[in-house]
file upload.json (JSON, C-alpha atoms)
[["chain", "number", "residue", "atom", "x", "y", "z"],
["M", 182, "MET", "CA", 0.00, 0.00, 0.00],
["M", 183, "LYS", "CA", 2.82, 2.43, 0.89],
["M", 184, "ARG", "CA", 4.52, 1.67, -2.43],
["M", 185, "ILE", "CA", 1.30, 2.36, -4.36],
["M", 186, "LEU", "CA", 0.82, 5.62, -2.47],
["M", 187, "LEU", "CA", 4.42, 6.68, -3.17],
["M", 188, "VAL", "CA", 4.03, 5.91, -6.90],
["M", 189, "SER", "CA", 0.79, 7.94, -6.97],
["M", 190, "ILE", "CA", 2.46, 10.92, -5.31],
["M", 191, "LEU", "CA", 5.42, 10.77, -7.70],
["M", 192, "PHE", "CA", 3.07, 10.54, -10.69],
["M", 193, "TRP", "CA", 1.10, 13.57, -9.51],
["M", 194, "GLN", "CA", 4.32, 15.55, -8.97],
["M", 195, "LEU", "CA", 5.39, 14.72, -12.50],
["M", 196, "LEU", "CA", 1.96, 15.63, -13.84],
["M", 197, "GLN", "CA", 1.91, 19.16, -12.40],
["M", 198, "PRO", "CA", 4.50, 20.68, -14.77],
["M", 199, "VAL", "CA", 2.66, 19.15, -17.73],
["M", 200, "LEU", "CA", -0.57, 20.77, -16.61],
["M", 201, "ALA", "CA", 1.19, 24.09, -16.16],
["M", 202, "GLN", "CA", 2.50, 24.18, -19.72],
["M", 203, "SER", "CA", -0.19, 22.49, -21.78],
["M", 204, "LEU", "CA", -3.01, 24.99, -22.41],
["M", 205, "ALA", "CA", -3.16, 26.48, -25.85],
["M", 206, "PRO", "CA", -2.08, 30.13, -26.24],
["M", 207, "PHE", "CA", -4.83, 32.67, -25.69],
["M", 208, "GLU", "CA", -5.09, 36.18, -27.11],
["M", 209, "ALA", "CA", -8.02, 38.61, -27.02],
["M", 210, "GLN", "CA", -8.85, 42.29, -27.32],
["M", 211, "SER", "CA", -11.89, 44.02, -25.88],
["M", 212, "THR", "CA", -14.22, 46.56, -27.39],
["M", 213, "VAL", "CA", -14.06, 50.10, -26.01],
["M", 214, "THR", "CA", -17.41, 49.88, -24.16],
["M", 215, "ARG", "CA", -17.60, 48.63, -20.58],
["M", 216, "PRO", "CA", -19.12, 45.11, -20.43],
["M", 217, "TYR", "CA", -21.10, 43.30, -17.71],
["M", 218, "ILE", "CA", -19.16, 41.18, -15.21],
["M", 219, "ILE", "CA", -21.83, 38.84, -13.84],
["M", 220, "GLU", "CA", -20.83, 37.05, -10.65],
["M", 221, "LEU", "CA", -23.07, 34.28, -9.32],
["M", 222, "TYR", "CA", -22.37, 32.96, -5.83],
["M", 223, "THR", "CA", -23.67, 29.43, -5.67],
["M", 224, "SER", "CA", -23.27, 26.01, -4.07],
["M", 225, "GLN", "CA", -24.05, 22.40, -4.87],
["M", 226, "GLY", "CA", -25.40, 22.18, -1.32],
["M", 227, "CYS", "CA", -28.10, 24.83, -1.86],
["M", 228, "SER", "CA", -31.46, 23.71, -3.28],
["M", 229, "SER", "CA", -32.20, 27.20, -4.66],
["M", 230, "CYS", "CA", -28.98, 27.38, -6.66],
["M", 231, "PRO", "CA", -29.55, 24.97, -9.59],
["M", 232, "PRO", "CA", -32.27, 27.16, -11.18],
["M", 233, "ALA", "CA", -30.00, 30.20, -10.96],
["M", 234, "GLU", "CA", -27.13, 28.29, -12.55],
["M", 235, "ALA", "CA", -29.44, 27.00, -15.29],
["M", 236, "TRP", "CA", -30.57, 30.55, -16.00],
["M", 237, "LEU", "CA", -26.96, 31.74, -16.13],
["M", 238, "ALA", "CA", -26.08, 29.04, -18.67],
["M", 239, "GLU", "CA", -29.16, 29.62, -20.81],
["M", 240, "GLN", "CA", -29.05, 33.43, -20.73],
["M", 241, "PHE", "CA", -25.42, 33.96, -21.60],
["M", 242, "ASN", "CA", -24.46, 31.14, -23.97],
["M", 243, "LYS", "CA", -25.10, 33.62, -26.77],
["M", 244, "THR", "CA", -23.21, 35.55, -29.42],
["M", 245, "ASP", "CA", -22.35, 38.34, -26.97],
["M", 246, "LEU", "CA", -20.64, 35.92, -24.60],
["M", 247, "TRP", "CA", -17.09, 37.12, -23.85],
["M", 248, "GLN", "CA", -17.89, 40.37, -25.66],
["M", 249, "LYS", "CA", -20.64, 42.08, -23.70],
["M", 250, "TYR", "CA", -21.38, 39.48, -21.01],
["M", 251, "PHE", "CA", -18.86, 37.75, -18.74],
["M", 252, "PRO", "CA", -20.65, 35.24, -16.46],
["M", 253, "LEU", "CA", -18.67, 33.74, -13.57],
["M", 254, "ALA", "CA", -20.01, 31.12, -11.13],
["M", 255, "PHE", "CA", -18.15, 31.24, -7.81],
["M", 256, "HIS", "CA", -18.88, 28.15, -5.69],
["M", 257, "VAL", "CA", -18.77, 28.92, -1.97],
["M", 258, "THR", "CA", -18.04, 26.55, 0.90],
["M", 259, "TYR", "CA", -20.36, 27.58, 3.74],
["M", 260, "TRP", "CA", -23.08, 25.10, 2.65],
["M", 261, "ASP", "CA", -20.73, 22.13, 3.02],
["M", 262, "TYR", "CA", -21.86, 21.52, 6.61],
["M", 263, "LEU", "CA", -25.12, 19.97, 5.31],
["M", 264, "GLY", "CA", -23.25, 16.82, 4.36],
["M", 265, "TRP", "CA", -22.17, 17.46, 0.77],
["M", 266, "LYS", "CA", -18.86, 19.15, 0.02],
["M", 267, "ASP", "CA", -19.11, 21.20, -3.16],
["M", 268, "ILE", "CA", -16.35, 19.88, -5.42],
["M", 269, "PHE", "CA", -15.90, 23.34, -6.95],
["M", 270, "GLY", "CA", -16.13, 25.25, -3.68],
["M", 271, "GLN", "CA", -13.20, 27.36, -2.54],
["M", 272, "ARG", "CA", -12.92, 29.29, 0.69],
["M", 273, "ALA", "CA", -11.42, 32.18, -1.25],
["M", 274, "PHE", "CA", -14.70, 32.50, -3.16],
["M", 275, "SER", "CA", -16.69, 32.66, 0.08],
["M", 276, "GLU", "CA", -14.31, 35.37, 1.25],
["M", 277, "ARG", "CA", -14.77, 37.21, -2.04],
["M", 278, "GLN", "CA", -18.52, 37.25, -1.48],
["M", 279, "TYR", "CA", -18.02, 38.72, 2.00],
["M", 280, "GLN", "CA", -15.67, 41.32, 0.53],
["M", 281, "HIS", "CA", -18.58, 42.53, -1.61],
["M", 282, "LEU", "CA", -20.55, 42.94, 1.60],
["M", 283, "ASN", "CA", -17.72, 44.78, 3.36],
["M", 284, "GLN", "CA", -17.29, 47.09, 0.38],
["M", 285, "LYS", "CA", -21.06, 47.78, 0.45],
["M", 286, "HIS", "CA", -21.63, 46.29, -2.99],
["M", 287, "THR", "CA", -24.28, 44.06, -1.36],
["M", 288, "ARG", "CA", -26.56, 44.27, 1.66],
["M", 289, "GLN", "CA", -26.17, 40.66, 2.83],
["M", 290, "VAL", "CA", -24.63, 37.30, 1.92],
["M", 291, "TYR", "CA", -26.78, 34.47, 0.54],
["M", 292, "THR", "CA", -27.05, 31.97, -2.30],
["M", 293, "PRO", "CA", -27.83, 32.24, -5.07],
["M", 294, "GLN", "CA", -26.56, 35.80, -5.17],
["M", 295, "PHE", "CA", -25.83, 37.86, -8.28],
["M", 296, "VAL", "CA", -23.35, 40.73, -8.29],
["M", 297, "ILE", "CA", -23.14, 42.63, -11.59],
["M", 298, "ASN", "CA", -20.39, 45.21, -12.03],
["M", 299, "ALA", "CA", -19.93, 45.37, -8.26],
["M", 300, "MET", "CA", -23.65, 45.92, -7.56],
["M", 301, "GLU", "CA", -26.06, 43.42, -6.00],
["M", 302, "TRP", "CA", -28.77, 42.40, -8.46],
["M", 303, "ARG", "CA", -32.01, 40.73, -7.35],
["M", 304, "GLY", "CA", -33.79, 40.86, -10.69],
["M", 305, "TRP", "CA", -33.42, 37.12, -11.20],
["M", 306, "PHE", "CA", -35.75, 36.46, -8.27],
["M", 307, "SER", "CA", -38.47, 38.82, -9.51],
["M", 308, "GLY", "CA", -38.16, 37.98, -13.20],
["M", 309, "GLU", "CA", -37.00, 41.51, -14.07],
["M", 310, "LEU", "CA", -34.16, 40.23, -16.18],
["M", 311, "ASN", "CA", -33.41, 43.01, -18.63],
["M", 312, "GLY", "CA", -33.47, 46.25, -16.64],
["M", 313, "ILE", "CA", -29.84, 46.31, -15.53],
["M", 314, "PHE", "CA", -28.63, 45.26, -18.97],
["M", 315, "ALA", "CA", -30.54, 48.07, -20.69],
["M", 316, "LEU", "CA", -28.50, 50.81, -19.02],
["M", 317, "PRO", "CA", -26.03, 52.57, -21.33],
["M", 318, "GLU", "CA", -22.42, 51.71, -20.57],
["M", 319, "PRO", "CA", -19.56, 54.21, -20.99],
["M", 320, "GLU", "CA", -16.67, 53.94, -23.40],
["M", 321, "VAL", "CA", -13.75, 53.22, -21.09],
["M", 322, "GLY", "CA", -10.88, 51.89, -23.20],
["M", 323, "VAL", "CA", -9.34, 48.78, -24.75],
["M", 324, "LEU", "CA", -7.93, 45.81, -22.85],
["M", 325, "LYS", "CA", -5.54, 43.40, -24.57],
["M", 326, "VAL", "CA", -4.46, 40.09, -23.02],
["M", 327, "ARG", "CA", -2.12, 37.36, -24.23],
["M", 328, "ILE", "CA", -1.34, 34.13, -22.35],
["M", 329, "ALA", "CA", 1.23, 31.61, -23.54],
["M", 330, "ASN", "CA", 3.25, 29.06, -21.57],
["M", 331, "GLN", "CA", 1.64, 30.28, -18.35],
["M", 332, "GLN", "CA", 2.94, 33.80, -18.89],
["M", 333, "LEU", "CA", 0.49, 36.70, -19.05],
["M", 334, "GLU", "CA", 1.06, 39.96, -20.89],
["M", 335, "ALA", "CA", -1.71, 42.57, -20.84],
["M", 336, "SER", "CA", -2.29, 46.25, -21.49],
["M", 337, "PHE", "CA", -5.12, 48.71, -21.04],
["M", 338, "ALA", "CA", -5.41, 51.96, -22.99],
["M", 339, "PRO", "CA", -8.16, 54.08, -21.41],
["M", 340, "GLN", "CA", -10.23, 56.71, -23.12],
["M", 341, "LEU", "CA", -8.87, 60.14, -22.26],
["M", 342, "ILE", "CA", -12.28, 61.56, -21.33],
["M", 343, "TRP", "CA", -13.08, 58.62, -19.08],
["M", 344, "VAL", "CA", -9.74, 58.49, -17.26],
["M", 345, "GLN", "CA", -9.83, 62.07, -15.98],
["M", 346, "ASP", "CA", -9.58, 62.31, -12.17],
["M", 347, "LYS", "CA", -8.95, 58.54, -11.88],
["M", 348, "ASP", "CA", -5.93, 57.00, -10.18],
["M", 349, "LEU", "CA", -4.71, 54.24, -12.46],
["M", 350, "HIS", "CA", -2.35, 53.01, -9.75],
["M", 351, "GLN", "CA", -5.41, 51.46, -8.04],
["M", 352, "ALA", "CA", -6.14, 49.21, -11.02],
["M", 353, "ARG", "CA", -5.93, 45.42, -10.78],
["M", 354, "LEU", "CA", -6.30, 42.68, -13.36],
["M", 355, "HIS", "CA", -8.22, 39.55, -12.35],
["M", 356, "LEU", "CA", -7.75, 36.30, -14.25],
["M", 357, "ALA", "CA", -10.10, 33.32, -13.94],
["M", 358, "LEU", "CA", -9.89, 29.90, -15.54],
["M", 359, "VAL", "CA", -13.52, 28.95, -16.19],
["M", 360, "GLY", "CA", -14.92, 25.47, -16.92],
["M", 361, "SER", "CA", -18.23, 24.57, -18.55],
["M", 362, "GLY", "CA", -20.10, 21.38, -19.40],
["M", 363, "PHE", "CA", -19.70, 19.71, -16.01],
["M", 364, "THR", "CA", -22.25, 17.28, -14.56],
["M", 365, "THR", "CA", -22.10, 16.25, -10.90],
["M", 366, "GLU", "CA", -24.07, 13.53, -9.13],
["M", 367, "ILE", "CA", -25.03, 14.89, -5.72],
["M", 368, "LYS", "CA", -25.32, 12.14, -3.09],
["M", 369, "ARG", "CA", -26.10, 14.11, 0.07],
["M", 370, "GLY", "CA", -27.43, 17.44, 1.22],
["M", 371, "GLU", "CA", -30.35, 19.48, -0.12],
["M", 372, "ASN", "CA", -29.73, 18.38, -3.73],
["M", 373, "ARG", "CA", -29.20, 14.68, -3.02],
["M", 374, "HIS", "CA", -30.04, 12.24, -5.82],
["M", 375, "LYS", "CA", -29.80, 15.00, -8.45],
["M", 376, "GLN", "CA", -27.52, 15.32, -11.46],
["M", 377, "LEU", "CA", -26.48, 18.97, -11.58],
["M", 378, "PRO", "CA", -25.06, 20.63, -14.70],
["M", 379, "HIS", "CA", -22.55, 23.45, -14.25],
["M", 380, "ASP", "CA", -21.31, 26.13, -16.65],
["M", 381, "PHE", "CA", -19.00, 29.10, -16.18],
["M", 382, "VAL", "CA", -17.47, 27.55, -13.04],
["M", 383, "VAL", "CA", -14.47, 29.50, -11.75],
["M", 384, "LEU", "CA", -11.73, 26.92, -11.23],
["M", 385, "SER", "CA", -8.92, 29.32, -10.33],
["M", 386, "LEU", "CA", -8.58, 33.05, -9.72],
["M", 387, "GLN", "CA", -5.57, 35.35, -9.62],
["M", 388, "SER", "CA", -5.35, 39.09, -9.01],
["M", 389, "LEU", "CA", -2.46, 41.09, -10.46],
["M", 390, "SER", "CA", -1.12, 44.59, -9.96],
["M", 391, "ALA", "CA", 0.10, 46.63, -12.91],
["M", 392, "THR", "CA", 3.82, 46.37, -13.66],
["M", 393, "ALA", "CA", 3.81, 49.77, -15.39],
["M", 394, "VAL", "CA", 1.49, 52.76, -15.10],
["M", 395, "PHE", "CA", 1.58, 55.63, -17.56],
["M", 396, "ALA", "CA", -0.79, 58.24, -16.17],
["M", 397, "GLY", "CA", 0.10, 61.16, -18.40],
["M", 398, "ALA", "CA", -2.53, 63.43, -19.88],
["M", 399, "THR", "CA", -1.81, 62.39, -23.48],
["M", 400, "ASP", "CA", -1.14, 58.65, -23.40],
["M", 401, "PRO", "CA", -2.37, 57.03, -20.15],
["M", 402, "ALA", "CA", -1.91, 53.26, -20.09],
["M", 403, "LEU", "CA", -1.47, 50.20, -17.90],
["M", 404, "GLN", "CA", 0.73, 47.19, -18.47],
["M", 405, "PHE", "CA", 0.71, 43.78, -16.76],
["M", 406, "SER", "CA", 3.25, 40.97, -16.92],
["M", 407, "GLN", "CA", 3.06, 37.91, -14.69],
["M", 408, "SER", "CA", 3.92, 34.22, -14.49],
["M", 409, "LEU", "CA", 0.71, 32.37, -13.69],
["M", 410, "ASP", "CA", -0.12, 29.68, -11.16],
["M", 411, "ALA", "CA", -0.21, 26.05, -12.27],
["M", 412, "ILE", "CA", -3.40, 24.91, -13.97],
["M", 413, "PRO", "CA", -5.66, 23.26, -11.33],
["M", 414, "ALA", "CA", -6.35, 19.54, -11.55],
["M", 415, "SER", "CA", -10.08, 20.27, -11.92],
["M", 416, "ALA", "CA", -9.36, 21.56, -15.42],
["M", 417, "LEU", "CA", -8.66, 17.97, -16.51],
["M", 418, "ASN", "CA", -12.36, 17.14, -16.24],
["M", 419, "ALA", "CA", -13.67, 20.26, -17.97],
["M", 420, "PRO", "CA", -15.31, 19.62, -21.36],
["M", 421, "ARG", "CA", -14.74, 23.31, -22.16],
["M", 422, "LEU", "CA", -12.27, 25.79, -20.71],
["M", 423, "ALA", "CA", -12.02, 29.56, -21.02],
["M", 424, "TRP", "CA", -9.85, 32.36, -19.76],
["M", 425, "VAL", "CA", -11.62, 35.44, -18.45],
["M", 426, "ALA", "CA", -9.62, 38.55, -17.55],
["M", 427, "TRP", "CA", -11.19, 41.70, -16.19],
["M", 428, "LEU", "CA", -9.79, 45.01, -15.03],
["M", 429, "THR", "CA", -11.04, 46.77, -11.89],
["M", 430, "LEU", "CA", -10.44, 50.27, -10.63],
["M", 431, "ASN", "CA", -11.24, 50.87, -6.97],
["M", 432, "GLU", "CA", -12.92, 47.42, -6.97],
["M", 433, "GLU", "CA", -15.28, 48.38, -9.82],
["M", 434, "PRO", "CA", -15.10, 46.30, -13.05],
["M", 435, "ILE", "CA", -13.99, 48.42, -15.99],
["M", 436, "GLN", "CA", -13.13, 46.20, -18.96],
["M", 437, "ALA", "CA", -12.80, 42.49, -19.78],
["M", 438, "VAL", "CA", -11.79, 39.89, -22.35],
["M", 439, "GLY", "CA", -12.47, 36.18, -22.50],
["M", 440, "GLY", "CA", -12.78, 33.20, -24.76],
["M", 441, "LEU", "CA", -12.72, 29.44, -25.08],
["M", 442, "LEU", "CA", -9.38, 27.67, -25.22],
["M", 443, "GLU", "CA", -8.47, 25.43, -28.09],
["M", 444, "ALA", "CA", -7.12, 22.72, -25.77],
["M", 445, "GLN", "CA", -10.09, 20.59, -24.76],
["M", 446, "GLN", "CA", -10.53, 17.47, -22.64],
["M", 447, "GLY", "CA", -8.20, 14.78, -23.93],
["M", 448, "GLU", "CA", -5.80, 17.41, -25.32],
["M", 449, "ILE", "CA", -4.88, 19.20, -22.11],
["M", 450, "LEU", "CA", -2.01, 16.84, -21.41],
["M", 451, "SER", "CA", -0.56, 17.10, -24.92],
["M", 452, "GLN", "CA", 2.67, 19.06, -25.26]]
call {"tool": "encode", "arguments": {"input": "upload.json", "output": "structure tokens"}}
result
Amino acid sequence: MKRILLVSILFWQLLQPVLAQSLAPFEAQSTVTRPYIIELYTSQGCSSCPPAEAWLAEQFNKTDLWQKYFPLAFHVTYWDYLGWKDIFGQRAFSERQYQHLNQKHTRQVYTPQFVINAMEWRGWFSGELNGIFALPEPEVGVLKVRIANQQLEASFAPQLIWVQDKDLHQARLHLALVGSGFTTEIKRGENRHKQLPHDFVVLSLQSLSATAVFAGATDPALQFSQSLDAIPASALNAPRLAWVAWLTLNEEPIQAVGGLLEAQQGEILSQ
């Protein structure tokens, strides 16, 4: 038994560098208009969450996905006490939800909870689905992101009119690896005996500071350069993977890019 365990550990240690280097290169450029960053806080242990996740998948698997709409499903952990541990849950995502509360983006913490562009949105519960998306969004600037060999290079060129009186040094770039097409058999808890589909699941999340800030009156710009964390093992089971990168200024989403990766299940381990 000890020998089998040792072999398994050695195999996993050898596997990690392969995972870290195997995703296909990604490159994307945004439009100039601010998009919608749609955060859903959810859990496999919450009986009210599957309808919200189904709505998220149905509503945003459209042509404007990764252009105008950027859905992200953050699975929290505080429902795990009911007897089912959410396989996608991360404590950091629970903490992120509480950060929204502390920053007064929301009035309380619950699931399912939607936060759109750093504002709590309850329209899903009342069926008022289009109001928030009908508001005109400002032209903020262009975000460019390239990822290859687990190295990120990004830049943001803001619109001069928009950037006035803003401190670009407060900007941060957030990068999520997102998986879709999952199905999980739930054996305990409020959703026991159900097969739950999951799309737009955040598998990993990093937050980066700018490596260069050009805040001049004529050519303001931000640049980012960072080696990324290893690809999580959960990506191996994802039928579809996407990178989503979004820029925030004073915690408010400003611009974003995203898109599906060419490397799919069965190809992730190829070099």
call {"tool": "residues_around", "arguments": {"input": "upload.json", "residues": "Thr214 (chain M)", "least_positions_apart": "6", "cutoff": "6 Å", "atoms": "only C-alpha atoms", "output": "list of chain:residue names"}}
result
M:Pro319, M:Glu320, M:Val321
call {"tool": "residues_around", "arguments": {"input": "upload.json", "residues": "Val382 (chain M)", "least_positions_apart": "5", "cutoff": "10 Å", "atoms": "only C-alpha atoms", "output": "PDB file with C-alpha atoms, keeping the file's coordinate frame"}}
result
ATOM      1  CA  LEU M 221     -23.070  34.280  -9.320  1.00  0.00           C
ATOM      2  CA  THR M 223     -23.670  29.430  -5.670  1.00  0.00           C
ATOM      3  CA  GLU M 234     -27.130  28.290 -12.550  1.00  0.00           C
ATOM      4  CA  PRO M 252     -20.650  35.240 -16.460  1.00  0.00           C
ATOM      5  CA  LEU M 253     -18.670  33.740 -13.570  1.00  0.00           C
ATOM      6  CA  ALA M 254     -20.010  31.120 -11.130  1.00  0.00           C
ATOM      7  CA  PHE M 255     -18.150  31.240  -7.810  1.00  0.00           C
ATOM      8  CA  HIS M 256     -18.880  28.150  -5.690  1.00  0.00           C
ATOM      9  CA  PHE M 269     -15.900  23.340  -6.950  1.00  0.00           C
ATOM     10  CA  GLY M 270     -16.130  25.250  -3.680  1.00  0.00           C
ATOM     11  CA  ALA M 357     -10.100  33.320 -13.940  1.00  0.00           C
ATOM     12  CA  LEU M 358      -9.890  29.900 -15.540  1.00  0.00           C
ATOM     13  CA  VAL M 359     -13.520  28.950 -16.190  1.00  0.00           C
ATOM     14  CA  GLY M 360     -14.920  25.470 -16.920  1.00  0.00           C
ATOM     15  CA  SER M 361     -18.230  24.570 -18.550  1.00  0.00           C
ATOM     16  CA  GLY M 362     -20.100  21.380 -19.400  1.00  0.00           C
ATOM     17  CA  PHE M 363     -19.700  19.710 -16.010  1.00  0.00           C
ATOM     18  CA  ALA M 419     -13.670  20.260 -17.970  1.00  0.00           C
ATOM     19  CA  LEU M 422     -12.270  25.790 -20.710  1.00  0.00           C
ATOM     20  CA  ALA M 423     -12.020  29.560 -21.020  1.00  0.00           C
TER      21      ALA M 423
END
call {"tool": "atom_distance", "arguments": {"input": "upload.json", "atom1": "CA of Ile268 (chain M)", "atom2": "CA of Asp245 (chain M)"}}
result
29.0 Å
call {"tool": "axis_aligned_box", "arguments": {"input": "upload.json", "around": "region 374-383 of chain M", "padding_each_side": "6 Å", "output": "lines of an AutoDock Vina configuration file"}}
result
center_x = -22.3
center_y = 20.9
center_z = -11.2
size_x = 27.6
size_y = 29.3
size_z = 22.8
call {"tool": "residues_around", "arguments": {"input": "upload.json", "residues": "region 262-266 of chain M", "least_positions_apart": "4", "cutoff": "7 Å", "atoms": "all atoms listed in the file", "output": "MDAnalysis selection string"}}
result
chainID M and resid 226 369:370
call {"tool": "write_last_selection", "arguments": {"input": "upload.json", "atoms": "C-alpha atoms", "output": "mmCIF file, in the frame of the given file"}}
result
data_model
loop_
_atom_site.group_PDB
_atom_site.id
_atom_site.type_symbol
_atom_site.label_atom_id
_atom_site.label_comp_id
_atom_site.auth_asym_id
_atom_site.auth_seq_id
_atom_site.Cartn_x
_atom_site.Cartn_y
_atom_site.Cartn_z
ATOM 1 C CA GLY M 226 -25.400 22.180 -1.320
ATOM 2 C CA ARG M 369 -26.100 14.110 0.070
ATOM 3 C CA GLY M 370 -27.430 17.440 1.220
#
call {"tool": "closest_residue", "arguments": {"input": "upload.json", "among": "M:Leu441, M:Ala396, M:Ala233, M:Ala335", "to": "Leu204 (chain M)", "atoms": "all atoms listed in the file"}}
result
M:Leu441
call {"tool": "residues_around", "arguments": {"input": "upload.json", "residues": "Thr365 (chain M)", "least_positions_apart": "2", "cutoff": "8 Å", "atoms": "only C-alpha atoms", "output": "list in words"}}
result
Phe363, Ile367, Gln376, Leu377, Pro378 and His379 of chain M
call {"tool": "residues_around", "arguments": {"input": "upload.json", "residues": "Phe207 (chain M)", "least_positions_apart": "5", "cutoff": "7 Å", "atoms": "all atoms listed in the file", "output": "mmCIF file with C-alpha atoms, in the coordinates of the input"}}
result
data_model
loop_
_atom_site.group_PDB
_atom_site.id
_atom_site.type_symbol
_atom_site.label_atom_id
_atom_site.label_comp_id
_atom_site.auth_asym_id
_atom_site.auth_seq_id
_atom_site.Cartn_x
_atom_site.Cartn_y
_atom_site.Cartn_z
ATOM 1 C CA ARG M 327 -2.120 37.360 -24.230
ATOM 2 C CA ILE M 328 -1.340 34.130 -22.350
ATOM 3 C CA ALA M 329 1.230 31.610 -23.540
ATOM 4 C CA LEU M 442 -9.380 27.670 -25.220
#
call {"tool": "residues_near_point", "arguments": {"input": "upload.json", "point": "(-9.4, 59.1, -22.9)", "cutoff": "9 Å", "atoms": "only C-alpha atoms", "output": "number ranges by chain"}}
result
M: 320-322, 338-345, 398-401
call {"tool": "write_last_selection", "arguments": {"input": "upload.json", "atoms": "C-alpha atoms", "output": "JSON list (two decimals), in the coordinates of the input"}}
result
[["chain", "number", "residue", "atom", "x", "y", "z"],
["M", 320, "GLU", "CA", -16.67, 53.94, -23.40],
["M", 321, "VAL", "CA", -13.75, 53.22, -21.09],
["M", 322, "GLY", "CA", -10.88, 51.89, -23.20],
["M", 338, "ALA", "CA", -5.41, 51.96, -22.99],
["M", 339, "PRO", "CA", -8.16, 54.08, -21.41],
["M", 340, "GLN", "CA", -10.23, 56.71, -23.12],
["M", 341, "LEU", "CA", -8.87, 60.14, -22.26],
["M", 342, "ILE", "CA", -12.28, 61.56, -21.33],
["M", 343, "TRP", "CA", -13.08, 58.62, -19.08],
["M", 344, "VAL", "CA", -9.74, 58.49, -17.26],
["M", 345, "GLN", "CA", -9.83, 62.07, -15.98],
["M", 398, "ALA", "CA", -2.53, 63.43, -19.88],
["M", 399, "THR", "CA", -1.81, 62.39, -23.48],
["M", 400, "ASP", "CA", -1.14, 58.65, -23.40],
["M", 401, "PRO", "CA", -2.37, 57.03, -20.15]]
call {"tool": "atom_distance", "arguments": {"input": "upload.json", "atom1": "CA of Val394 (chain M)", "atom2": "CA of Lys325 (chain M)"}}
result
15.1 Å
call {"tool": "atom_distance", "arguments": {"input": "upload.json", "atom1": "CA of Val383 (chain M)", "atom2": "CA of Pro317 (chain M)"}}
result
27.5 Å
call {"tool": "closest_residue", "arguments": {"input": "upload.json", "among": "M:Val257, M:Trp247, M:Tyr279, M:Gln351", "to": "Trp424 (chain M)", "atoms": "all atoms listed in the file"}}
result
M:Trp247
call {"tool": "closest_atom_pairs", "arguments": {"input": "upload.json", "of": "region 329-385 of chain M", "to": "region 434-437 of chain M", "cutoff": "10 Å", "atoms": "only C-alpha atoms", "output": "Markdown table"}}
result
| residue | atom | partner | partner_atom | distance |
| --- | --- | --- | --- | --- |
| M:Phe337 | CA | M:Gln436 | CA | 8.6 |
| M:Pro339 | CA | M:Gln436 | CA | 9.6 |
| M:Ala352 | CA | M:Ile435 | CA | 9.3 |
| M:Arg353 | CA | M:Pro434 | CA | 9.5 |
| M:Leu354 | CA | M:Ala437 | CA | 9.1 |
| M:His355 | CA | M:Ala437 | CA | 9.2 |
| M:Leu356 | CA | M:Ala437 | CA | 9.7 |
call {"tool": "closest_residue", "arguments": {"input": "upload.json", "among": "M:Gln407, M:Gln294, M:Thr212, M:Asn372", "to": "Gln387 (chain M)", "atoms": "only C-alpha atoms"}}
result
M:Gln407
call {"tool": "closest_residue", "arguments": {"input": "upload.json", "among": "M:Val326, M:Glu433, M:Ala235, M:Phe314", "to": "Lys285 (chain M)", "atoms": "only C-alpha atoms"}}
result
M:Glu433
call {"tool": "closest_residue", "arguments": {"input": "upload.json", "among": "M:Pro420, M:Ser228, M:Asp410, M:Ser336", "to": "Thr364 (chain M)", "atoms": "all atoms listed in the file"}}
result
M:Pro420
call {"tool": "closest_residue", "arguments": {"input": "upload.json", "among": "M:Gln280, M:Gln289, M:Gln240, M:Gln225", "to": "Asp267 (chain M)", "atoms": "all atoms listed in the file"}}
result
M:Gln225
